[in-house]
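To be precise, the following lines are model_8.txt, and they hold compact mmCIF, C-alpha atoms.
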```txt
# COMPACT_ATOMS: atom_id res chain seq x y z
CA MET M 274 -156.65 60.43 186.94
CA ASN M 275 -159.47 57.97 186.33
CA GLN M 276 -157.23 55.01 187.01
CA PRO M 277 -158.57 51.80 188.49
CA GLY M 278 -158.01 51.17 192.17
CA GLU M 279 -159.69 50.20 195.39
CA THR M 280 -161.67 52.41 197.74
CA ALA M 281 -161.19 52.46 201.48
CA PHE M 282 -164.81 51.25 201.77
CA ALA M 283 -164.10 48.11 199.72
CA ARG M 284 -161.06 47.29 201.86
CA ASP M 285 -162.98 47.84 205.12
CA LEU M 286 -160.89 50.88 205.95
CA ILE M 287 -162.10 54.29 207.13
CA ALA M 288 -160.29 57.58 206.68
CA CYS M 289 -160.70 59.81 209.74
CA HIS M 290 -162.54 63.08 208.95
CA THR M 291 -160.48 65.02 211.45
CA CYS M 292 -156.88 63.89 211.02
CA GLY M 293 -156.92 61.77 207.85
CA LEU M 294 -155.51 58.59 209.41
CA VAL M 295 -156.78 55.49 207.63
CA ASN M 296 -158.22 53.17 210.27
CA ARG M 297 -159.23 49.53 210.05
CA ARG M 298 -162.97 49.16 210.58
CA LEU M 299 -163.84 47.46 213.87
CA ALA M 300 -166.27 44.56 213.97
CA ALA M 301 -168.51 46.56 216.29
CA GLY M 302 -168.68 49.31 213.69
CA ILE M 303 -170.80 52.03 215.31
CA GLY M 304 -169.04 54.51 217.56
CA ALA M 305 -165.50 53.38 216.67
CA ARG M 306 -162.90 56.07 217.22
CA CYS M 307 -159.80 57.09 215.33
CA ALA M 308 -156.62 55.60 216.79
CA ARG M 309 -154.71 58.85 216.42
CA CYS M 310 -157.09 61.70 217.27
CA GLY M 311 -160.09 59.99 218.89
CA ALA M 312 -162.72 61.36 216.51
CA VAL M 313 -165.76 59.14 215.85
CA LEU M 314 -165.26 57.32 212.55
CA HIS M 315 -167.87 57.25 209.79
CA ARG M 316 -167.47 55.49 206.45
CA ARG M 317 -169.82 58.06 204.95
CA ILE M 318 -171.51 61.11 206.47
CA PRO M 319 -174.30 59.56 208.63
CA ARG M 320 -177.77 59.73 207.04
CA SER M 321 -176.28 61.97 204.38
CA LEU M 322 -179.11 61.59 201.85
CA SER M 323 -182.09 62.09 204.17
CA ARG M 324 -180.53 65.09 205.91
CA SER M 325 -179.50 66.64 202.63
CA TRP M 326 -183.03 66.16 201.24
CA ALA M 327 -184.54 67.72 204.39
CA PHE M 328 -182.43 70.88 204.09
CA LEU M 329 -183.07 71.06 200.36
CA VAL M 330 -186.86 70.69 200.63
CA ALA M 331 -186.92 73.38 203.33
CA ALA M 332 -184.85 75.67 201.06
CA ILE M 333 -187.26 75.11 198.16
CA MET M 334 -190.24 76.01 200.36
CA LEU M 335 -188.59 79.31 201.34
CA TYR M 336 -187.57 80.07 197.76
CA LEU M 337 -190.92 81.50 196.63
CA PRO M 338 -191.49 83.98 199.50
CA ALA M 339 -187.79 84.92 199.24
CA ASN M 340 -188.33 86.11 195.67
CA VAL M 341 -191.88 87.50 195.91
CA LEU M 342 -191.67 89.44 199.18
CA PRO M 343 -189.73 92.73 199.26
CA ILE M 344 -186.22 92.56 200.71
CA MET M 345 -186.34 96.23 201.66
CA HIS M 346 -188.53 99.33 201.76
CA VAL M 347 -186.90 102.63 200.84
CA THR M 348 -188.52 105.95 201.77
CA THR M 349 -186.90 109.05 200.27
CA LEU M 350 -188.50 112.47 200.83
CA GLY M 351 -191.91 110.98 201.47
CA ARG M 352 -191.82 108.67 198.45
CA SER M 353 -191.77 104.97 199.19
CA ARG M 354 -190.42 102.09 197.12
CA SER M 355 -190.13 98.37 197.79
CA ASP M 356 -187.38 96.23 196.30
CA THR M 357 -187.50 92.50 195.71
CA ILE M 358 -184.44 90.43 194.84
CA LEU M 359 -185.20 90.79 191.13
CA SER M 360 -186.13 94.48 191.16
CA GLY M 361 -182.90 95.23 193.03
CA ALA M 362 -180.92 93.85 190.10
CA GLU M 363 -183.21 95.66 187.63
CA TYR M 364 -182.63 98.94 189.47
CA LEU M 365 -178.87 98.60 189.03
CA LEU M 366 -179.30 97.74 185.36
CA ALA M 367 -181.66 100.68 184.74
CA HIS M 368 -179.08 103.02 186.23
CA GLY M 369 -176.37 101.80 183.91
CA MET M 370 -174.45 99.83 186.50
CA TRP M 371 -174.52 96.63 184.51
CA PRO M 372 -171.39 95.00 185.98
CA LEU M 373 -172.95 95.17 189.45
CA ALA M 374 -176.36 94.22 188.06
CA LEU M 375 -174.72 91.14 186.55
CA ILE M 376 -173.04 90.20 189.84
CA VAL M 377 -176.30 90.60 191.79
CA PHE M 378 -178.27 88.70 189.13
CA VAL M 379 -175.80 85.81 189.12
CA ALA M 380 -175.39 85.68 192.93
CA SER M 381 -179.06 86.15 193.85
CA ILE M 382 -181.04 84.51 191.07
CA LEU M 383 -178.89 82.24 188.91
CA VAL M 384 -176.81 80.66 191.70
CA PRO M 385 -179.65 79.68 194.09
CA LEU M 386 -181.70 78.17 191.22
CA THR M 387 -178.72 76.32 189.74
CA LYS M 388 -177.68 75.10 193.16
CA ILE M 389 -181.13 73.70 193.97
CA ALA M 390 -181.28 71.98 190.56
CA ILE M 391 -177.79 70.46 190.93
CA LEU M 392 -178.51 69.18 194.44
CA ILE M 393 -181.78 67.55 193.29
CA TYR M 394 -179.89 65.92 190.41
CA LEU M 395 -177.03 64.69 192.63
CA LEU M 396 -179.37 63.29 195.28
CA LEU M 397 -181.54 61.54 192.67
CA SER M 398 -178.48 60.11 190.89
CA VAL M 399 -177.29 58.55 194.16
CA HIS M 400 -180.77 57.18 194.90
CA LEU M 401 -180.93 55.64 191.42
CA ARG M 402 -177.45 54.14 191.98
CA SER M 403 -176.20 55.83 188.87
CA ALA M 404 -172.64 55.07 187.80
CA ALA M 405 -172.70 57.54 184.94
CA ARG M 406 -170.06 60.27 184.69
CA PRO M 407 -168.98 60.38 188.34
CA MET M 408 -166.28 62.94 187.55
CA ASP M 409 -168.81 65.37 186.03
CA ARG M 410 -171.13 64.93 189.01
CA LEU M 411 -168.25 65.58 191.39
CA ARG M 412 -167.48 68.77 189.45
CA LEU M 413 -171.11 69.89 189.88
CA TYR M 414 -170.80 69.20 193.61
CA ARG M 415 -167.60 71.24 193.86
CA PHE M 416 -169.28 74.08 191.98
CA THR M 417 -172.25 74.23 194.39
CA GLU M 418 -169.96 74.06 197.43
CA PHE M 419 -167.75 76.85 196.13
CA VAL M 420 -170.31 79.26 194.76
CA GLY M 421 -173.31 78.86 197.11
CA ARG M 422 -172.14 81.24 199.83
CA TRP M 423 -171.97 84.19 197.44
CA SER M 424 -175.77 84.42 197.32
CA MET M 425 -175.61 86.07 200.74
CA VAL M 426 -174.50 89.30 199.06
CA ASP M 427 -178.03 90.74 198.84
CA VAL M 428 -178.60 90.17 202.55
CA PHE M 429 -175.44 92.14 203.28
CA VAL M 430 -176.48 94.95 200.93
CA VAL M 431 -179.69 95.30 202.97
CA THR M 432 -177.68 95.28 206.23
CA VAL M 433 -175.40 98.09 205.07
CA LEU M 434 -178.32 100.13 203.76
CA VAL M 435 -180.47 99.88 206.90
CA ALA M 436 -177.56 101.30 208.90
CA LEU M 437 -178.42 104.58 207.14
CA VAL M 438 -181.79 104.84 208.85
CA HIS M 439 -180.23 107.43 211.13
CA LEU M 440 -180.37 109.92 208.30
CA GLY M 441 -183.76 110.60 209.83
CA ARG M 442 -186.45 112.36 207.80
CA VAL M 443 -184.43 112.51 204.57
CA ALA M 444 -184.21 108.82 203.81
CA GLU M 445 -185.29 105.72 205.60
CA ILE M 446 -184.57 102.11 204.72
CA GLU M 447 -186.24 99.15 206.33
CA ALA M 448 -185.47 95.48 205.84
CA GLY M 449 -188.30 93.39 204.35
CA LEU M 450 -189.36 89.83 205.09
CA GLY M 451 -187.99 88.71 201.71
CA ALA M 452 -184.45 89.22 203.03
CA LEU M 453 -185.15 86.86 205.92
CA PHE M 454 -186.51 84.12 203.62
CA PHE M 455 -183.68 84.66 201.19
CA ALA M 456 -181.04 84.27 203.93
CA GLY M 457 -182.89 81.07 204.87
CA VAL M 458 -182.60 79.73 201.31
CA VAL M 459 -178.85 80.42 201.24
CA VAL M 460 -178.17 78.89 204.66
CA LEU M 461 -180.35 75.81 203.98
CA THR M 462 -178.82 75.08 200.55
CA MET M 463 -175.36 75.43 202.10
CA LEU M 464 -176.35 72.91 204.78
CA ALA M 465 -177.79 70.59 202.10
CA ALA M 466 -174.48 70.69 200.20
CA LYS M 467 -172.47 70.21 203.42
CA THR M 468 -174.42 67.12 204.48
CA PHE M 469 -174.20 65.54 201.02
CA ASP M 470 -171.27 63.10 200.98
CA PRO M 471 -169.58 63.26 197.53
CA ARG M 472 -168.13 59.77 198.03
CA LEU M 473 -171.69 58.44 197.59
CA ILE M 474 -171.33 59.40 193.92
CA TRP M 475 -168.43 56.95 193.60
CA ASP M 476 -169.91 54.11 195.63
CA ASN M 477 -171.79 52.74 192.62
CA VAL M 478 -168.78 53.01 190.36
CA LYS M 479 -166.77 49.80 190.14
CA PRO M 480 -162.98 50.12 190.06
CA ASP M 481 -163.10 49.39 186.31
CA GLY M 482 -165.63 52.18 185.83
CA ARG M 483 -168.76 50.04 185.33
CA SER M 484 -171.97 50.24 187.33
CA THR M 485 -172.74 47.98 190.29
CA ALA M 486 -176.47 48.37 189.62
CA HIS M 487 -178.27 45.35 188.23
CA MET T 66 -156.04 50.22 219.85
CA SER T 67 -152.99 49.10 217.87
CA ASP T 68 -154.98 46.57 215.86
CA VAL T 69 -157.11 49.42 214.54
CA THR T 70 -154.24 51.30 212.97
CA LEU T 71 -152.57 50.47 209.73
CA HIS T 72 -148.91 51.16 210.04
CA HIS T 73 -148.72 53.01 206.79
CA HIS T 74 -148.59 56.69 207.55
CA ASP T 75 -148.41 57.42 203.83
CA LEU T 76 -151.71 55.65 203.15
CA VAL T 77 -154.59 58.05 202.45
CA ALA T 78 -158.19 57.70 201.31
CA CYS T 79 -159.40 60.55 199.12
CA HIS T 80 -162.09 62.55 200.93
CA GLU T 81 -164.02 63.23 197.75
CA CYS T 82 -163.98 59.79 196.07
CA ASP T 83 -162.53 57.50 198.79
CA LEU T 84 -159.88 55.91 196.54
CA LEU T 85 -157.20 54.33 198.69
CA GLN T 86 -153.66 55.25 197.67
CA HIS T 87 -150.14 55.83 198.91
CA LEU T 88 -148.59 59.26 199.07
CA PRO T 89 -145.32 59.30 197.14
CA SER T 90 -142.39 59.33 199.57
CA GLU T 91 -140.70 62.25 197.82
CA ARG T 92 -143.24 65.07 197.92
CA ARG T 93 -141.41 68.30 198.59
CA GLY T 94 -142.67 71.59 197.21
CA GLY T 95 -145.88 70.61 195.51
CA ARG T 96 -149.32 69.12 195.63
CA VAL T 97 -150.26 65.49 195.48
CA ARG T 98 -153.53 64.87 193.73
CA CYS T 99 -155.91 61.91 193.86
CA ARG T 100 -155.25 59.43 191.03
CA ARG T 101 -158.94 59.12 190.25
CA CYS T 102 -160.66 62.46 190.81
CA GLY T 103 -157.78 64.93 191.04
CA CYS T 104 -158.71 66.33 194.45
CA VAL T 105 -155.70 67.74 196.34
CA LEU T 106 -154.58 65.19 198.96
CA HIS T 107 -151.42 66.74 200.24
CA HIS T 108 -149.54 70.03 200.21
CA SER T 109 -145.99 70.71 201.00
CA GLY T 110 -144.17 73.98 201.11
CA HIS T 111 -143.00 76.44 203.72
CA ASP T 112 -143.34 76.49 207.49
CA ILE T 113 -146.72 75.06 208.42
CA VAL T 114 -146.87 76.68 211.87
CA ALA T 115 -145.22 80.11 211.72
CA VAL T 116 -147.10 81.34 208.63
CA PRO T 117 -150.64 80.58 209.88
CA LEU T 118 -149.81 82.06 213.29
CA ALA T 119 -148.57 85.29 211.71
CA LEU T 120 -151.67 85.48 209.54
CA GLY T 121 -153.92 84.84 212.56
CA ILE T 122 -152.40 87.69 214.56
CA THR T 123 -152.57 90.04 211.57
CA ALA T 124 -156.21 89.08 211.07
CA LEU T 125 -157.02 89.85 214.71
CA ILE T 126 -155.65 93.40 214.38
CA LEU T 127 -157.50 93.98 211.10
CA PHE T 128 -160.70 92.59 212.60
CA ALA T 129 -160.50 95.09 215.48
CA LEU T 130 -159.91 97.95 213.02
CA SER T 131 -162.77 96.94 210.76
CA ASN T 132 -165.21 97.08 213.67
CA ALA T 133 -163.84 100.23 215.32
CA PHE T 134 -163.99 102.55 212.30
CA PRO T 135 -166.76 103.58 209.89
CA LEU T 136 -167.37 101.39 206.86
CA LEU T 137 -168.89 104.13 204.70
CA GLU T 138 -169.00 107.87 205.27
CA PHE T 139 -171.59 109.93 203.44
CA ALA T 140 -173.11 113.34 203.07
CA LEU T 141 -176.72 113.88 202.04
CA GLN T 142 -178.38 117.32 201.82
CA GLY T 143 -176.14 118.83 204.44
CA GLN T 144 -176.36 115.88 206.79
CA ARG T 145 -173.23 113.82 207.39
CA ASP T 146 -173.16 110.36 208.80
CA ALA T 147 -171.13 107.21 208.90
CA THR T 148 -172.10 103.57 208.98
CA TYR T 149 -170.49 100.81 211.00
CA LEU T 150 -170.68 97.06 210.54
CA LEU T 151 -172.33 96.50 213.93
CA ALA T 152 -174.77 99.40 213.41
CA GLY T 153 -176.42 97.57 210.51
CA ILE T 154 -176.88 94.47 212.62
CA ARG T 155 -178.27 96.49 215.54
CA GLU T 156 -180.69 98.25 213.17
CA LEU T 157 -181.97 94.94 211.75
CA TYR T 158 -182.60 93.85 215.31
CA ALA T 159 -184.43 97.09 216.07
CA GLN T 160 -186.61 96.55 212.98
CA GLN T 161 -187.97 93.29 214.45
CA MET T 162 -185.71 91.12 212.33
CA PRO T 163 -183.87 89.21 215.08
CA ILE T 164 -183.26 86.07 212.98
CA LEU T 165 -181.88 88.01 210.03
CA ALA T 166 -179.76 90.08 212.43
CA SER T 167 -178.40 86.86 213.95
CA VAL T 168 -177.52 85.38 210.54
CA VAL T 169 -175.60 88.54 209.61
CA LEU T 170 -173.97 88.72 213.06
CA PHE T 171 -172.86 85.10 212.79
CA THR T 172 -171.48 85.29 209.25
CA THR T 173 -169.72 88.67 209.54
CA VAL T 174 -168.63 88.85 213.20
CA ILE T 175 -168.84 85.59 215.15
CA ALA T 176 -167.61 83.13 212.49
CA PRO T 177 -164.62 85.27 211.36
CA LEU T 178 -163.71 85.94 215.01
CA LEU T 179 -163.93 82.21 215.84
CA HIS T 180 -161.78 81.43 212.80
CA ILE T 181 -159.13 83.92 213.99
CA ALA T 182 -159.32 82.76 217.62
CA LEU T 183 -158.95 79.11 216.57
CA LEU T 184 -155.94 79.93 214.38
CA ILE T 185 -154.17 81.54 217.33
CA TYR T 186 -155.34 78.85 219.76
CA ILE T 187 -153.93 76.09 217.53
CA TYR T 188 -150.76 77.70 216.22
CA LEU T 189 -149.47 79.70 219.19
CA PRO T 190 -148.86 76.61 221.40
CA LEU T 191 -147.55 74.66 218.39
CA SER T 192 -145.00 77.37 217.66
CA LEU T 193 -143.91 77.16 221.32
CA GLY T 194 -143.44 73.44 220.93
CA HIS T 195 -146.48 71.87 222.56
CA ARG T 196 -149.83 70.60 221.45
CA PRO T 197 -152.86 72.70 222.52
CA PRO T 198 -155.54 70.99 224.65
CA ALA T 199 -158.47 69.63 222.62
CA PHE T 200 -156.39 69.88 219.45
CA ALA T 201 -158.67 67.52 217.51
CA ALA T 202 -161.80 69.46 218.45
CA ALA T 203 -160.14 72.75 217.50
CA MET T 204 -159.13 71.37 214.09
CA ARG T 205 -162.67 70.09 213.50
CA ALA T 206 -164.18 73.42 214.58
CA THR T 207 -161.86 75.34 212.23
CA ARG T 208 -163.00 73.33 209.25
CA ALA T 209 -166.65 73.58 210.24
CA ILE T 210 -166.57 77.37 210.75
CA LEU T 211 -164.76 78.29 207.52
CA PRO T 212 -167.67 78.33 205.03
CA TRP T 213 -169.75 80.48 207.41
CA SER T 214 -167.20 83.24 207.62
CA MET T 215 -168.45 85.50 204.83
CA LEU T 216 -166.48 88.73 205.07
CA GLU T 217 -165.45 88.63 201.39
CA ILE T 218 -169.11 88.42 200.41
CA PHE T 219 -169.98 91.17 202.89
CA LEU T 220 -167.33 93.36 201.23
CA LEU T 221 -169.05 92.85 197.88
CA GLY T 222 -172.31 93.82 199.60
CA VAL T 223 -170.71 97.05 200.87
CA LEU T 224 -169.62 97.84 197.31
CA VAL T 225 -173.10 97.24 195.88
CA ALA T 226 -174.70 99.34 198.66
CA ALA T 227 -172.21 102.17 198.07
CA VAL T 228 -172.96 102.19 194.35
CA LYS T 229 -176.71 102.22 194.99
CA LEU T 230 -176.33 105.21 197.31
CA ALA T 231 -173.92 107.09 195.09
CA GLU T 232 -176.96 108.37 193.15
CA GLN T 233 -178.38 110.24 196.14
CA ALA T 234 -175.41 110.99 198.36
CA THR T 235 -171.65 111.44 198.38
CA ILE T 236 -170.05 108.21 199.51
CA VAL T 237 -166.50 107.77 200.77
CA PRO T 238 -165.19 104.40 201.92
CA GLY T 239 -164.20 104.61 205.58
CA PRO T 240 -161.09 103.12 207.26
CA ALA T 241 -163.03 99.94 208.09
CA ALA T 242 -163.62 99.27 204.39
CA TRP T 243 -159.86 99.20 203.74
CA ALA T 244 -159.21 97.11 206.86
CA LEU T 245 -161.94 94.71 205.73
CA GLY T 246 -160.37 94.40 202.28
CA LEU T 247 -157.03 93.42 203.83
CA LEU T 248 -158.70 91.12 206.35
CA VAL T 249 -160.40 89.20 203.54
CA VAL T 250 -157.03 88.57 201.86
CA VAL T 251 -155.33 87.58 205.14
CA LEU T 252 -158.13 85.16 206.12
CA ALA T 253 -158.11 83.55 202.67
CA ALA T 254 -154.33 83.11 202.95
CA ALA T 255 -154.71 81.66 206.46
CA ALA T 256 -157.34 79.18 205.27
CA SER T 257 -155.10 78.03 202.40
CA GLN T 258 -152.14 77.56 204.77
CA VAL T 259 -153.88 75.11 207.10
CA HIS T 260 -152.81 71.57 206.27
CA PRO T 261 -154.49 69.24 208.79
CA HIS T 262 -152.79 66.05 207.60
CA ARG T 263 -149.30 67.49 207.87
CA LEU T 264 -150.07 69.02 211.27
CA TRP T 265 -151.29 65.63 212.48
CA ASP T 266 -148.16 63.94 211.19
CA ARG T 267 -146.22 66.47 213.21
CA VAL T 268 -148.10 66.39 216.52
CA ALA T 269 -148.91 62.67 216.67
```

Written as structure tokens, how would this file's structure read?
Amino acid sequence: MNQPGETAFARDLIACHTCGLVNRRLAAGIGARCARCGAVLHRRIPRSLSRSWAFLVAAIMLYLPANVLPIMHVTTLGRSRSDTILSGAEYLLAHGMWPLALIVFVASILVPLTKIAILIYLLLSVHLRSAARPMDRLRLYRFTEFVGRWSMVDVFVVTVLVALVHLGRVAEIEAGLGALFFAGVVVLTMLAAKTFDPRLIWDNVKPDGRSTAH
Amino acid sequence: MSDVTLHHHDLVACHECDLLQHLPSERRGGRVRCRRCGCVLHHSGHDIVAVPLALGITALILFALSNAFPLLEFALQGQRDATYLLAGIRELYAQQMPILASVVLFTTVIAPLLHIALLIYIYLPLSLGHRPPAFAAAMRATRAILPWSMLEIFLLGVLVAAVKLAEQATIVPGPAAWALGLLVVVLAAAASQVHPHRLWDRVA
């Protein structure tokens, strides 16, 4: 690992996203297709940075209502209670179910915040043409890609619980708007990570490991 | 088109750092990693068609079971009831949450079903010796759909919901919960057994 070498970009070659065949870049670059499978070739994900920013900014805007608004309303024997993302985790903790409280806290609060922070950092580092620690930045990217989906767990908890509404007068559970915003945050941060091209991290790293920035 | 192709079928460019490199010619029974960033470039191992097909068919059966039977069964003050996966989605819809209902429907029903359907669509013809129509599109769709299939996360959600309810009611996991547990394992195995580059080397 970390050995010098050339990138496909530097050699004017493009690896096909669909089948992996390394193609020679045509002079009329745009719209060129892979010789083996016919997929449109891109050196990097098209407009990766601006699309990733757009998804990320949208996710940040939904983040506040997702955490402030209740994700569900529970009515038991005439008494009503509203749960937010945070109070749901607190409820589990207060009832001694700390392993689950920990899972919900990590998946619903820690992961979305960390993911947003990492994506901002990665996008800024590419904008600033940083050549510093590409391997560490790639690890951060892999972490966000791997862990981001697990934040959906709270949305699924609400889904399972509302199915109990048929218990009629004894207990009633209704989904709150917070759940909708929260699902939006998860989906949008996933899209932001998907549209970010990790090869951009390496584009400012010279084969010998130094920066190409002036 | 021949001038576009490089006649090195062992030449690869890493999809995470783009470093151009040759795959070693002797690569049986292991992984080849990128020289620079360590990302896995190539797998080799057992049958690349029969195993995914078997997993796809198993997944289809488990998927049917996990939707046909109750997920959780419970008793509360003399009332008994059971909850199904689709019932939760229908209830969200009834509570004027159509977007939320759609997100849950997509991630727990449509995306897993598409994943399973694509597995069978790709691997059944291949096992019979011919290449399915629109093979490239099917391979692309499989990779695009994978992160949106969230049954393993849904299963964790079922567990959390069951624990929350255990205070007020008696909760027993239904047949669908067990089917879902198996389905999660089978789908993860299927996803790890799909090796696009080796398939392409085989069908091209």

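Among the candidates M:Thr468, M:Thr432, M:Ser360, M:Thr462, the one nearest to chain T when counting all atoms listed in the file is M:Thr432.
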
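The gap separating atom CA of M:Val459 from atom CA of T:Ser214 is 13.6 Å, in Å to one decimal.
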
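If you measure from each of M:Pro385, M:Gly293, M:Gly351, M:Gly369 to chain T using all atoms listed in the file, the closest one turns out to be M:Gly293.
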
Inset, instruction - Using only C-alpha atoms, determine which residues lie at most 6 Å from stretch 217-220 of chain T, disregarding the query and same-chain residues fewer than 2 positions distant; provide the list as a PyMOL selection string. - result: (chain M and resi 423+426+429) or (chain T and resi 215+222-223+249)

Which chain T residues have any atom within 6 Å of an atom of chain M, and for each, what is the nearest pair of atoms with distance in Å to one decimal, counting only C-alpha atoms, rows sorted by chain and number, as CSV?
```
residue,atom,partner,partner_atom,distance
T:Val69,CA,M:Arg297,CA,5.0
T:Thr70,CA,M:Asn296,CA,5.2
T:Ala78,CA,M:Ala288,CA,5.8
T:Glu81,CA,M:Arg472,CA,5.4
T:Cys82,CA,M:Arg472,CA,4.6
T:Asp83,CA,M:Thr280,CA,5.3
T:Leu84,CA,M:Thr280,CA,4.1
T:Leu85,CA,M:Thr280,CA,5.0
T:Arg100,CA,M:Met274,CA,4.4
T:Arg101,CA,M:Asn275,CA,4.1
T:Cys102,CA,M:Met274,CA,5.9
T:Thr148,CA,M:Ala436,CA,5.9
T:Ala152,CA,M:Ala436,CA,5.6
T:Gly153,CA,M:Ala436,CA,4.2
T:Leu165,CA,M:Leu453,CA,5.4
T:Arg205,CA,M:Thr291,CA,5.9
T:Ile218,CA,M:Val426,CA,5.6
T:Phe219,CA,M:Phe429,CA,5.6
T:Gly222,CA,M:Val430,CA,4.5
T:Ala226,CA,M:Val430,CA,5.3
T:His262,CA,M:Cys292,CA,5.8
```

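Rounded to one decimal, atom CA of T:Phe139 and atom CA of T:Val237 lie 6.1 Å from each other.
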
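Atom CA of M:Leu337 to atom CA of M:Phe378 spans 16.4 Å [interatomic distance, one decimal].
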
Legend entry - Contacts of stretch 117-128 of chain T at 10 Å (only C-alpha atoms; same-chain gap of 6+ positions) as number ranges by chain: T: 174, 177-178, 180-192, 241, 243-260

Residues of the last selection are to be written out with C-alpha atoms, as an mmCIF file, in the frame of the given file.
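So the final result, stored in selection04.cif, reads:
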```cif
data_model
loop_
_atom_site.group_PDB
_atom_site.id
_atom_site.type_symbol
_atom_site.label_atom_id
_atom_site.label_comp_id
_atom_site.auth_asym_id
_atom_site.auth_seq_id
_atom_site.Cartn_x
_atom_site.Cartn_y
_atom_site.Cartn_z
ATOM 1 C CA VAL T 174 -168.630 88.850 213.200
ATOM 2 C CA PRO T 177 -164.620 85.270 211.360
ATOM 3 C CA LEU T 178 -163.710 85.940 215.010
ATOM 4 C CA HIS T 180 -161.780 81.430 212.800
ATOM 5 C CA ILE T 181 -159.130 83.920 213.990
ATOM 6 C CA ALA T 182 -159.320 82.760 217.620
ATOM 7 C CA LEU T 183 -158.950 79.110 216.570
ATOM 8 C CA LEU T 184 -155.940 79.930 214.380
ATOM 9 C CA ILE T 185 -154.170 81.540 217.330
ATOM 10 C CA TYR T 186 -155.340 78.850 219.760
ATOM 11 C CA ILE T 187 -153.930 76.090 217.530
ATOM 12 C CA TYR T 188 -150.760 77.700 216.220
ATOM 13 C CA LEU T 189 -149.470 79.700 219.190
ATOM 14 C CA PRO T 190 -148.860 76.610 221.400
ATOM 15 C CA LEU T 191 -147.550 74.660 218.390
ATOM 16 C CA SER T 192 -145.000 77.370 217.660
ATOM 17 C CA ALA T 241 -163.030 99.940 208.090
ATOM 18 C CA TRP T 243 -159.860 99.200 203.740
ATOM 19 C CA ALA T 244 -159.210 97.110 206.860
ATOM 20 C CA LEU T 245 -161.940 94.710 205.730
ATOM 21 C CA GLY T 246 -160.370 94.400 202.280
ATOM 22 C CA LEU T 247 -157.030 93.420 203.830
ATOM 23 C CA LEU T 248 -158.700 91.120 206.350
ATOM 24 C CA VAL T 249 -160.400 89.200 203.540
ATOM 25 C CA VAL T 250 -157.030 88.570 201.860
ATOM 26 C CA VAL T 251 -155.330 87.580 205.140
ATOM 27 C CA LEU T 252 -158.130 85.160 206.120
ATOM 28 C CA ALA T 253 -158.110 83.550 202.670
ATOM 29 C CA ALA T 254 -154.330 83.110 202.950
ATOM 30 C CA ALA T 255 -154.710 81.660 206.460
ATOM 31 C CA ALA T 256 -157.340 79.180 205.270
ATOM 32 C CA SER T 257 -155.100 78.030 202.400
ATOM 33 C CA GLN T 258 -152.140 77.560 204.770
ATOM 34 C CA VAL T 259 -153.880 75.110 207.100
ATOM 35 C CA HIS T 260 -152.810 71.570 206.270
#
```

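Nearest to T:Val97 of all the residues T:Ile113, T:Leu221, T:Asp75, T:Pro135 is T:Asp75, counting only C-alpha atoms.
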
Inset, instruction - Find the residues around M:His346 up to 6 Å (all atoms listed in the file counted), leave out those fewer than 4 positions away in its own chain, and share them as a list in words. - result: Arg354, Ser355, Ile446 and Glu447 of chain M

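Those residues that approach T:Phe134 to within 9 Å, counting all atoms listed in the file, are T:Ala129, T:Thr148, T:Tyr149, T:Leu150, T:Gly239, T:Pro240, T:Ala241, T:Ala242; same-chain residues fewer than 5 positions away are not listed.
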
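Across M:Leu375, M:Ala466, M:Glu445, M:Ala405, the tightest approach to M:Thr417 is made by M:Ala466 when counting only C-alpha atoms.
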
Inset, instruction - For T:Ile236, work out the shell of residues within 7 Å, counting all atoms listed in the file and skipping chain neighbours fewer than 2 positions away, then give it as a list in words. - result: Leu137, Glu138, Phe139, Ala140, Ala227, Ala231, Ala234 and Pro238 of chain T

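Of the residues listed (M:Leu350, M:Leu383, M:Ile389, M:Leu464), M:Leu350 shows the shortest atom-to-atom separation from T:Leu141; distances use all atoms listed in the file.
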
Assuming the input is short of atoms at stretch 327-333 of chain M, produce N, CA and C atoms for that part as a CSV table (one decimal), in the frame of the given file.
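The resulting file, selection03.csv, is shown below:
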```csv
chain,number,residue,atom,x,y,z
M,327,ALA,N,-183.7,66.9,203.5
M,327,ALA,CA,-184.5,67.7,204.4
M,327,ALA,C,-184.2,69.2,204.3
M,328,PHE,N,-182.9,69.5,204.2
M,328,PHE,CA,-182.4,70.9,204.1
M,328,PHE,C,-182.9,71.4,202.7
M,329,LEU,N,-182.8,70.6,201.7
M,329,LEU,CA,-183.1,71.1,200.4
M,329,LEU,C,-184.6,71.4,200.2
M,330,VAL,N,-185.4,70.5,200.7
M,330,VAL,CA,-186.9,70.7,200.6
M,330,VAL,C,-187.3,72.0,201.4
M,331,ALA,N,-186.6,72.2,202.6
M,331,ALA,CA,-186.9,73.4,203.3
M,331,ALA,C,-186.5,74.6,202.5
M,332,ALA,N,-185.3,74.5,201.9
M,332,ALA,CA,-184.8,75.7,201.1
M,332,ALA,C,-185.8,76.0,199.9
M,333,ILE,N,-186.3,74.9,199.3
M,333,ILE,CA,-187.3,75.1,198.2
M,333,ILE,C,-188.5,75.8,198.6
```
